[in-house]
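Encoded as structure tokens, the structure appears first; notes follow it.
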Amino acid sequence: MLLIKNGNLHLPGQTVRKGDILIKDGSISKIGNELTADDIPVLDVQGKEVFPGFILPVTSVGLTDYANLRQGDSNEISSPCNPRLHVRYALDGREVERQRYWLSGITSIGAAPADGALLAGQMGVYHVTGMTAAQMCVCDTVALKGNFTSNVKTTFGTKGTAPMTRMGMASSLREIFRAAKEWMNKEDAPLNSDYAVLARVLKREIPLLMNVTTAADISDVLDLAKEFQIRVILNGAYEGDLAADMIAKSGASVIAGDLFDAGARIWYGTDVEKLLSLGEKVPVCIGCSSGGVGRENLLWNGCRLVQMGYKPAEVLDLMTVRTAEVLGVDHLIGSIKEGLLADLVIYNGNPLESWSADVAATIVSGNIVYEKKGEAIC
Amino acid sequence: MLIRNAMILDMTGASPYVGDILIKDGKIAQIGTGIQASCEEEIVEADGLWALPGFVDAHTHQGGFDMIDSNGMDLNEMTDPVTPQVRAIDGCNPFDKNFRSVPTAGVTTLCITPGSGNVVCGQAFAAKSYGSNIHEMTIKNPCALKAALGMNPKGVYGPKGKSPMTRMGIAAELDKALMEASKYRSEKEKAISEGGTLPEYNEKWAAMLPALEGKIPLKIHCEQFDMLTAIEMAKKYGCRLTIEHAWSAKDFLDELAESGADINYGPVGVPTGFGELTGADLIDVVLLDRLGVNVSIISDSPILSEDILLIQAGEAVRCGLAPERALRMITINPAKALGIEDRVGSLEVGKDGDVVLFTALPAQDVSARLRYTIIEGRKVYSSLERS
């Protein structure tokens, strides 16, 4: 139980001055003015900015085994298609906590297998504190992560094994989805842990989240999605501007970027405004390079959009509620709304307006996980 | 070119003031108020815009690290741990897409350095960020001799079973190279003063002479306690030193301040791990600045895009630095570290006409948008309003 008083609350579509939030059992139980409650701790934030916690949509940080300085547990490339794998068995809470994501306003991450395999495994959304996947869990399985990029060709093709080309990648995917479909429709089919996961995708219970780079990658993935009637999230999408009509027609969601901190945006000359304007038609949010980036990069991406002329409020949405929509967890996180988890970040100033804005406190599931020294707001 | 009515932050330590900047033949000819333009001058109306010196990035691999096409990886000659003779300028392609994007980030001067795959990596140079002929764009070549400690060289040679495999091996390789070059230098000097025969020309040791003679600094890639090794080596051989990356500098503040080395810090925005991957945090530049150390922020582009130079200056403000101090770290401080402060780094009469114009004060106001990048009196980038 916690009562946050006198915050400048960034609610969906509006900002409320001097608002209060009552937190019960880790969730937002009530939002209003001059709320009172007996015998519970009060956090008087004195006009500070209260945002929904930011969401880093796709990352392999937490799975990389940095302790041993090698890409330990994120990249199972023993074969190209491994839908049975699940990120929960590799997620290291200590590695996530070491990032101190709370200092940059991030309260949740989409933890995903890395970028080597065609079908890399299942990904989930997890909080940035906690030791075990169970403690960190927001939503255990949000998508099947795959990669339709040159990485896959490099990983397998250079060994002389399939897939070596984009044709090869598309054909491998068709083959395994067709087999899974057959398996699904057969009554006495033997157990198959790969097909069981693909069946969930085919039944549209979870989407296929695919790393894609070029418009041609996007075209191939959308064609596959159409054939098998599956839901798709396009991650990266550096040439999504060129494929904008195709994406809008398909209804696929988009995680755009890393828009600023990778060579790809400049190499592919991404028209960022055109790519993001897809958000009028399909769910779109911003992301960071799915490999390793620091805690700062998500907010930096947001700040670069503000530099380009985007309004801070629309950029905030691209880092919170839109992200939750894309990942299908908007019923749990992403907004300050009654019934959602109390994942909040309290800033001195608005970090999308002023560079001197810093985090006063971060709250995950109603627990204060960080409080700036000397702030004494509790 | 005449820039009229800008809010000028000249980075000389003066408070911002409204004024005009006249650039003639590529150099700043006059700064003041009410400067009259002659008819051939291009006028830039800068009412409401902030004018700063073009940004200087003291550590990049622009033009030599193609992040997409591996055929364009031209700044890491990893065939021998000691390659002082290779020159970054020979591996730099100014038509590379990332290089072409540099002016859009407000950066007008780049130090382009060999990568850190070898212990002695080669010669770095400083150049303007716009043009088609890298030699004409160059301000100073070489401007530093690049060396590297820590995980890069041992990651290249160790797995092949070659030296260096450890930090001990790296220190020994660097020491040996400096010793051989010093020997070569004294033999050469002796021959000249006593009229004897010159030692047989050695391209490696000859390339190290400018650093040994104090003409250019050793530019040493350091992580955590590597910086103490770098300080010891520079002291032993009487070399000037710039410490590159300097992650975890906060653990060695006294030693760094005492050494007199310049610190080229960053980039941050990398995951935090253990050991070498701990401590990329811009709080370090705040602490070093307080001790009077000449600190610059670096991008290491194009590993990250050039945009992050200014973004990191903003992040340093979040860590507690005043915006003006943070902006020094991407203008005059790196100009000093590179030994080119007579040309760039501040807006003063006689310096190059490299000016960036922003809609608000960058590193303070997130919405501050770059409107023009001007190099030697020529607009090389202008932004449009968001449609």
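Letters A, B, ... go to the chains of the structure tokens in the order shown; residues in each chain start at 1; ligands are counted from 1 in the same order.
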
Per residue of chain B within 7 Å of chain A, which atom pair is closest and at what distance in Å (one decimal), using only C-alpha atoms, listed by chain and increasing number, as a tab-separated table?
```
residue	atom	partner	partner_atom	distance
B:Met67	CA	A:Gly263	CA	5.7
B:Lys97	CA	A:Trp267	CA	6.1
B:Asn98	CA	A:Ile266	CA	6.2
B:Gly269	CA	A:Gly294	CA	4.1
B:Val270	CA	A:Gly294	CA	3.9
B:Pro271	CA	A:Gly294	CA	4.2
B:Thr272	CA	A:Gln99	CA	5.3
B:Gly273	CA	A:Tyr66	CA	5.1
B:Phe274	CA	A:Ala67	CA	5.4
B:Pro302	CA	A:Gly263	CA	6.5
B:Ile303	CA	A:Gly263	CA	6.9
B:Leu304	CA	A:Asp261	CA	5.0
B:Ser305	CA	A:Asp261	CA	5.0
B:Ile311	CA	A:Trp300	CA	6.9
B:Gly314	CA	A:Trp355	CA	5.3
B:Glu315	CA	A:Trp355	CA	6.6
B:Val317	CA	A:Ser356	CA	5.5
B:Arg318	CA	A:Ser356	CA	4.3
B:Ala363	CA	A:Trp355	CA	6.1
B:Gln364	CA	A:Trp355	CA	5.1
B:Asp365	CA	A:Ser354	CA	4.9
B:Val366	CA	A:Glu353	CA	5.0
B:Ser367	CA	A:Gln307	CA	4.4
B:Ala368	CA	A:Gln307	CA	5.8
B:Arg369	CA	A:Gln307	CA	5.1
B:Arg386	CA	A:Gly309	CA	5.8
```

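Neighbouring residues of A:Ala342 at 10 Å or closer, counting only C-alpha atoms and skipping chain neighbours under 6 positions away, are Leu2, Ile21, Leu22, Ile23, Lys24, Asp25, Gly26, Ser27, Ile28, Ser29, Pro52, Gly53, Leu332, Ile333, Gly334, Ser335, Ile336, Ile363, Val364, Ser365, Gly366 and Asn367 of chain A.
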
Write out, as a compact mmCIF listing (two decimals), in the first residue's frame, the residues just selected, with N, CA and C atoms.
```txt
# COMPACT_ATOMS: atom_id res chain seq x y z
N LEU A 2 0.54 2.16 -0.85
CA LEU A 2 1.30 3.40 -0.95
C LEU A 2 0.39 4.46 -1.55
N ILE A 21 -2.24 9.08 -6.47
CA ILE A 21 -2.40 7.69 -6.93
C ILE A 21 -2.35 6.78 -5.71
N LEU A 22 -3.40 5.99 -5.55
CA LEU A 22 -3.41 5.01 -4.47
C LEU A 22 -3.01 3.65 -5.03
N ILE A 23 -2.00 3.06 -4.40
CA ILE A 23 -1.50 1.77 -4.86
C ILE A 23 -1.86 0.69 -3.85
N LYS A 24 -2.49 -0.37 -4.34
CA LYS A 24 -2.84 -1.51 -3.47
C LYS A 24 -2.39 -2.79 -4.14
N ASP A 25 -1.76 -3.67 -3.39
CA ASP A 25 -1.32 -4.97 -3.92
C ASP A 25 -0.55 -4.84 -5.23
N GLY A 26 0.29 -3.83 -5.31
CA GLY A 26 1.14 -3.67 -6.48
C GLY A 26 0.46 -3.04 -7.68
N SER A 27 -0.83 -2.75 -7.57
CA SER A 27 -1.53 -2.17 -8.71
C SER A 27 -2.08 -0.79 -8.38
N ILE A 28 -2.42 -0.06 -9.43
CA ILE A 28 -3.02 1.26 -9.24
C ILE A 28 -4.49 1.05 -8.90
N SER A 29 -4.84 1.43 -7.68
CA SER A 29 -6.22 1.15 -7.29
C SER A 29 -7.11 2.36 -7.49
N PRO A 52 4.20 6.83 -16.49
CA PRO A 52 4.24 5.36 -16.47
C PRO A 52 5.67 4.92 -16.73
N GLY A 53 6.12 3.83 -16.11
CA GLY A 53 7.48 3.35 -16.35
C GLY A 53 7.70 3.09 -17.82
N LEU A 332 -1.70 -4.66 -18.65
CA LEU A 332 -0.89 -4.83 -17.45
C LEU A 332 -0.03 -3.59 -17.14
N ILE A 333 0.61 -3.04 -18.15
CA ILE A 333 1.56 -1.95 -17.97
C ILE A 333 1.42 -0.92 -19.10
N GLY A 334 2.12 0.19 -18.96
CA GLY A 334 2.21 1.15 -20.06
C GLY A 334 1.46 2.45 -19.84
N SER A 335 0.51 2.46 -18.90
CA SER A 335 -0.21 3.71 -18.63
C SER A 335 -0.45 3.83 -17.14
N ILE A 336 -0.74 5.06 -16.73
CA ILE A 336 -1.21 5.27 -15.36
C ILE A 336 -2.73 5.20 -15.43
N ILE A 363 9.22 3.26 -9.13
CA ILE A 363 8.34 2.33 -8.43
C ILE A 363 8.00 1.18 -9.37
N VAL A 364 8.24 -0.04 -8.89
CA VAL A 364 7.92 -1.23 -9.69
C VAL A 364 6.92 -2.06 -8.91
N SER A 365 5.79 -2.35 -9.51
CA SER A 365 4.72 -3.10 -8.82
C SER A 365 4.44 -2.53 -7.43
N GLY A 366 4.42 -1.22 -7.32
CA GLY A 366 4.09 -0.58 -6.05
C GLY A 366 5.24 -0.49 -5.06
N ASN A 367 6.39 -1.10 -5.38
CA ASN A 367 7.55 -1.01 -4.49
C ASN A 367 8.51 0.08 -4.97
```

Could you find all residues in stretch 225-350 of chain A that DSSP calls helix (DSSP H, G or I) from the backbone, and write them as a PyMOL selection string?
chain A and resi 225-228+244-250+263-267+272-280+297-308+312-319+321-327

Let me see the file: selected residues, N, CA and C atoms, as a short mmCIF file (atom, residue, chain, number, x, y, z; two decimals), in the first residue's frame.
```cif
data_model
loop_
_atom_site.label_atom_id
_atom_site.label_comp_id
_atom_site.auth_asym_id
_atom_site.auth_seq_id
_atom_site.Cartn_x
_atom_site.Cartn_y
_atom_site.Cartn_z
N ALA A 225 3.22 -14.22 -43.30
CA ALA A 225 2.16 -13.96 -42.31
C ALA A 225 0.79 -14.08 -42.96
N LYS A 226 0.70 -13.60 -44.20
CA LYS A 226 -0.58 -13.65 -44.91
C LYS A 226 -0.96 -15.10 -45.22
N GLU A 227 0.03 -15.84 -45.68
CA GLU A 227 -0.24 -17.24 -46.05
C GLU A 227 -0.72 -18.05 -44.85
N PHE A 228 -0.08 -17.84 -43.69
CA PHE A 228 -0.43 -18.65 -42.53
C PHE A 228 -1.36 -17.93 -41.56
N ALA A 244 5.94 1.16 -46.24
CA ALA A 244 4.86 1.66 -45.37
C ALA A 244 3.48 1.18 -45.81
N ASP A 245 3.19 1.24 -47.10
CA ASP A 245 1.85 0.85 -47.57
C ASP A 245 1.59 -0.62 -47.29
N MET A 246 2.62 -1.41 -47.58
CA MET A 246 2.53 -2.85 -47.37
C MET A 246 2.25 -3.17 -45.90
N ILE A 247 2.96 -2.47 -45.01
CA ILE A 247 2.80 -2.73 -43.57
C ILE A 247 1.40 -2.31 -43.13
N ALA A 248 0.97 -1.13 -43.58
CA ALA A 248 -0.35 -0.62 -43.17
C ALA A 248 -1.44 -1.62 -43.60
N LYS A 249 -1.31 -2.14 -44.81
CA LYS A 249 -2.32 -3.08 -45.32
C LYS A 249 -2.32 -4.37 -44.51
N SER A 250 -1.11 -4.80 -44.08
CA SER A 250 -1.01 -6.09 -43.40
C SER A 250 -1.51 -6.04 -41.96
N GLY A 263 24.38 1.91 -36.85
CA GLY A 263 24.75 2.28 -38.21
C GLY A 263 23.59 2.12 -39.19
N ALA A 264 22.66 1.21 -38.88
CA ALA A 264 21.64 0.84 -39.84
C ALA A 264 20.77 2.02 -40.28
N ARG A 265 20.38 2.88 -39.37
CA ARG A 265 19.48 3.98 -39.73
C ARG A 265 20.14 4.86 -40.79
N ILE A 266 21.42 5.10 -40.64
CA ILE A 266 22.09 5.96 -41.61
C ILE A 266 22.35 5.20 -42.91
N TRP A 267 22.77 3.96 -42.79
CA TRP A 267 23.03 3.15 -43.98
C TRP A 267 21.78 3.07 -44.85
N VAL A 272 12.51 8.75 -40.84
CA VAL A 272 11.96 8.45 -39.51
C VAL A 272 10.51 8.92 -39.40
N GLU A 273 10.23 10.10 -39.92
CA GLU A 273 8.86 10.62 -39.82
C GLU A 273 7.87 9.73 -40.55
N LYS A 274 8.29 9.26 -41.72
CA LYS A 274 7.38 8.41 -42.50
C LYS A 274 7.15 7.08 -41.79
N LEU A 275 8.23 6.54 -41.25
CA LEU A 275 8.10 5.26 -40.54
C LEU A 275 7.17 5.40 -39.34
N LEU A 276 7.38 6.46 -38.55
CA LEU A 276 6.56 6.62 -37.34
C LEU A 276 5.12 7.01 -37.67
N SER A 277 4.92 7.63 -38.84
CA SER A 277 3.54 8.02 -39.18
C SER A 277 2.67 6.79 -39.46
N LEU A 278 3.30 5.62 -39.60
CA LEU A 278 2.55 4.37 -39.68
C LEU A 278 1.69 4.16 -38.44
N GLY A 279 2.09 4.83 -37.35
CA GLY A 279 1.37 4.71 -36.09
C GLY A 279 -0.08 5.14 -36.17
N GLU A 280 -0.44 5.88 -37.23
CA GLU A 280 -1.84 6.25 -37.41
C GLU A 280 -2.66 5.04 -37.86
N ASN A 297 19.75 4.48 -23.62
CA ASN A 297 19.46 4.63 -25.05
C ASN A 297 18.00 4.83 -25.41
N LEU A 298 17.09 4.22 -24.66
CA LEU A 298 15.67 4.38 -25.00
C LEU A 298 15.27 5.86 -24.87
N LEU A 299 15.64 6.45 -23.74
CA LEU A 299 15.32 7.86 -23.54
C LEU A 299 16.04 8.74 -24.57
N TRP A 300 17.26 8.38 -24.92
CA TRP A 300 17.98 9.14 -25.95
C TRP A 300 17.23 9.11 -27.28
N ASN A 301 16.71 7.94 -27.63
CA ASN A 301 15.90 7.86 -28.85
C ASN A 301 14.71 8.81 -28.76
N GLY A 302 14.08 8.83 -27.59
CA GLY A 302 12.96 9.75 -27.40
C GLY A 302 13.40 11.20 -27.53
N CYS A 303 14.53 11.53 -26.92
CA CYS A 303 15.02 12.91 -26.97
C CYS A 303 15.34 13.34 -28.40
N ARG A 304 15.87 12.42 -29.20
CA ARG A 304 16.18 12.76 -30.60
C ARG A 304 14.90 13.07 -31.37
N LEU A 305 13.82 12.37 -31.03
CA LEU A 305 12.55 12.68 -31.70
C LEU A 305 12.07 14.07 -31.29
N VAL A 306 12.25 14.43 -30.03
CA VAL A 306 11.87 15.78 -29.58
C VAL A 306 12.71 16.82 -30.33
N GLN A 307 14.00 16.54 -30.49
CA GLN A 307 14.87 17.44 -31.28
C GLN A 307 14.33 17.62 -32.69
N MET A 308 13.73 16.55 -33.23
CA MET A 308 13.21 16.63 -34.60
C MET A 308 11.89 17.38 -34.67
N PRO A 312 6.78 16.21 -26.66
CA PRO A 312 7.13 15.28 -25.58
C PRO A 312 6.03 14.28 -25.26
N ALA A 313 4.77 14.71 -25.27
CA ALA A 313 3.68 13.79 -24.91
C ALA A 313 3.55 12.65 -25.92
N GLU A 314 3.72 12.94 -27.23
CA GLU A 314 3.60 11.85 -28.21
C GLU A 314 4.80 10.92 -28.14
N VAL A 315 5.96 11.47 -27.80
CA VAL A 315 7.14 10.62 -27.66
C VAL A 315 7.01 9.71 -26.44
N LEU A 316 6.47 10.27 -25.35
CA LEU A 316 6.24 9.46 -24.15
C LEU A 316 5.39 8.24 -24.49
N ASP A 317 4.34 8.45 -25.28
CA ASP A 317 3.48 7.33 -25.68
C ASP A 317 4.26 6.26 -26.43
N LEU A 318 5.21 6.69 -27.28
CA LEU A 318 5.99 5.73 -28.07
C LEU A 318 6.92 4.88 -27.21
N MET A 319 7.14 5.32 -25.94
CA MET A 319 8.03 4.60 -25.02
C MET A 319 7.25 3.87 -23.94
N VAL A 321 2.82 3.46 -23.58
CA VAL A 321 1.54 2.80 -23.89
C VAL A 321 1.56 2.12 -25.26
N ARG A 322 2.20 2.76 -26.25
CA ARG A 322 2.28 2.14 -27.58
C ARG A 322 3.10 0.86 -27.51
N THR A 323 4.18 0.90 -26.73
CA THR A 323 5.03 -0.28 -26.58
C THR A 323 4.23 -1.43 -25.97
N ALA A 324 3.46 -1.10 -24.94
CA ALA A 324 2.64 -2.12 -24.29
C ALA A 324 1.62 -2.70 -25.27
N GLU A 325 1.07 -1.84 -26.12
CA GLU A 325 0.11 -2.32 -27.13
C GLU A 325 0.78 -3.27 -28.12
N VAL A 326 1.95 -2.85 -28.60
CA VAL A 326 2.67 -3.68 -29.58
C VAL A 326 2.95 -5.07 -28.99
N LEU A 327 3.36 -5.10 -27.72
CA LEU A 327 3.73 -6.38 -27.10
C LEU A 327 2.51 -7.10 -26.50
#
```

Quick one: residues within 12 Å of A:Ile230, only C-alpha atoms counted, chain neighbours fewer than 4 positions away excluded, as a count of residues only?
25

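Near B:Ile8, within 12 Å and counting only C-alpha atoms, sit Ala14, Ser15, Pro16, Tyr17, Val18, Gly19, Asp20, Ile21, Ile31, Gly32, Thr33, Ala46, Asp47, Gly48, Leu49, Trp50, Ala51, Leu52, Pro53, Ser346, Leu347, Glu348, Val355, Val356, Leu357, Phe358, Ala360 and Leu361 of chain B; same-chain residues fewer than 6 positions away were not included.
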
Neighbouring residues of stretch 215-231 of chain B were defined as those with any atom within 6 Å, considering only C-alpha atoms; residues of the same chain fewer than 6 positions away were excluded. Please report them as a VMD selection string.
chain B and resid 143 to 149 240 to 244 246 to 248

So which one's closest to B:Asp66, B:Pro84, B:Gly91, B:Gly260, B:Gly150? Using only C-alpha atoms, please.
B:Gly91

Contacts of B:Phe95 at 10 Å (only C-alpha atoms; same-chain gap of 2+ positions) as an mmCIF file with N, CA and C atoms, in the first residue's frame:
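Dumped everything to out38.cif:
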```cif
data_model
loop_
_atom_site.group_PDB
_atom_site.id
_atom_site.type_symbol
_atom_site.label_atom_id
_atom_site.label_comp_id
_atom_site.auth_asym_id
_atom_site.auth_seq_id
_atom_site.Cartn_x
_atom_site.Cartn_y
_atom_site.Cartn_z
ATOM 1 N N GLY B 63 34.480 6.901 -41.452
ATOM 2 C CA GLY B 63 35.063 6.668 -42.773
ATOM 3 C C GLY B 63 35.886 5.396 -42.851
ATOM 4 N N CYS B 92 40.633 5.946 -44.506
ATOM 5 C CA CYS B 92 39.423 6.740 -44.275
ATOM 6 C C CYS B 92 38.746 7.136 -45.587
ATOM 7 N N ASN B 93 37.466 6.826 -45.691
ATOM 8 C CA ASN B 93 36.693 7.150 -46.887
ATOM 9 C C ASN B 93 35.635 8.207 -46.543
ATOM 10 N N LYS B 97 28.707 6.563 -45.774
ATOM 11 C CA LYS B 97 27.419 7.183 -45.415
ATOM 12 C C LYS B 97 27.421 7.772 -44.006
ATOM 13 N N ASN B 98 28.037 7.050 -43.069
ATOM 14 C CA ASN B 98 28.088 7.594 -41.718
ATOM 15 C C ASN B 98 28.896 8.880 -41.685
ATOM 16 N N PHE B 99 30.002 8.895 -42.401
ATOM 17 C CA PHE B 99 30.836 10.108 -42.455
ATOM 18 C C PHE B 99 30.011 11.273 -42.995
ATOM 19 N N ARG B 100 29.254 11.015 -44.057
ATOM 20 C CA ARG B 100 28.452 12.083 -44.666
ATOM 21 C C ARG B 100 27.410 12.630 -43.699
ATOM 22 N N SER B 101 27.013 11.818 -42.722
ATOM 23 C CA SER B 101 25.965 12.261 -41.790
ATOM 24 C C SER B 101 26.515 13.107 -40.647
ATOM 25 N N TYR B 130 33.482 17.661 -43.478
ATOM 26 C CA TYR B 130 32.803 17.806 -44.759
ATOM 27 C C TYR B 130 33.819 18.019 -45.861
ATOM 28 N N GLY B 131 33.623 17.332 -46.974
ATOM 29 C CA GLY B 131 34.514 17.510 -48.105
ATOM 30 C C GLY B 131 34.655 16.226 -48.872
ATOM 31 N N SER B 132 35.391 16.274 -49.979
ATOM 32 C CA SER B 132 35.536 15.072 -50.780
ATOM 33 C C SER B 132 36.979 14.588 -50.829
ATOM 34 N N ASN B 133 37.905 15.414 -50.380
ATOM 35 C CA ASN B 133 39.306 15.003 -50.393
ATOM 36 C C ASN B 133 39.825 15.030 -48.956
ATOM 37 N N ILE B 134 40.060 13.860 -48.421
ATOM 38 C CA ILE B 134 40.397 13.763 -47.000
ATOM 39 C C ILE B 134 41.677 14.532 -46.684
#
```

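Ranking A:Leu191, A:Ile218, A:Ala133, A:Leu9 by their shortest atom-to-atom distance to A:Ala170, with only C-alpha atoms included, puts A:Ile218 first.
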
Which of stretch 141-345 of chain B fall in strand (DSSP E), as JSON, numbers by chain:
{"B": [141, 142, 143, 144, 145, 146, 147, 148, 218, 219, 220, 221, 222, 223, 241, 242, 243, 244, 245, 246, 247, 262, 263, 264, 265, 295, 296, 297]}

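Atom CA of A:Ile40 to atom CA of A:Ala361 spans 18.0 Å [interatomic distance, one decimal].
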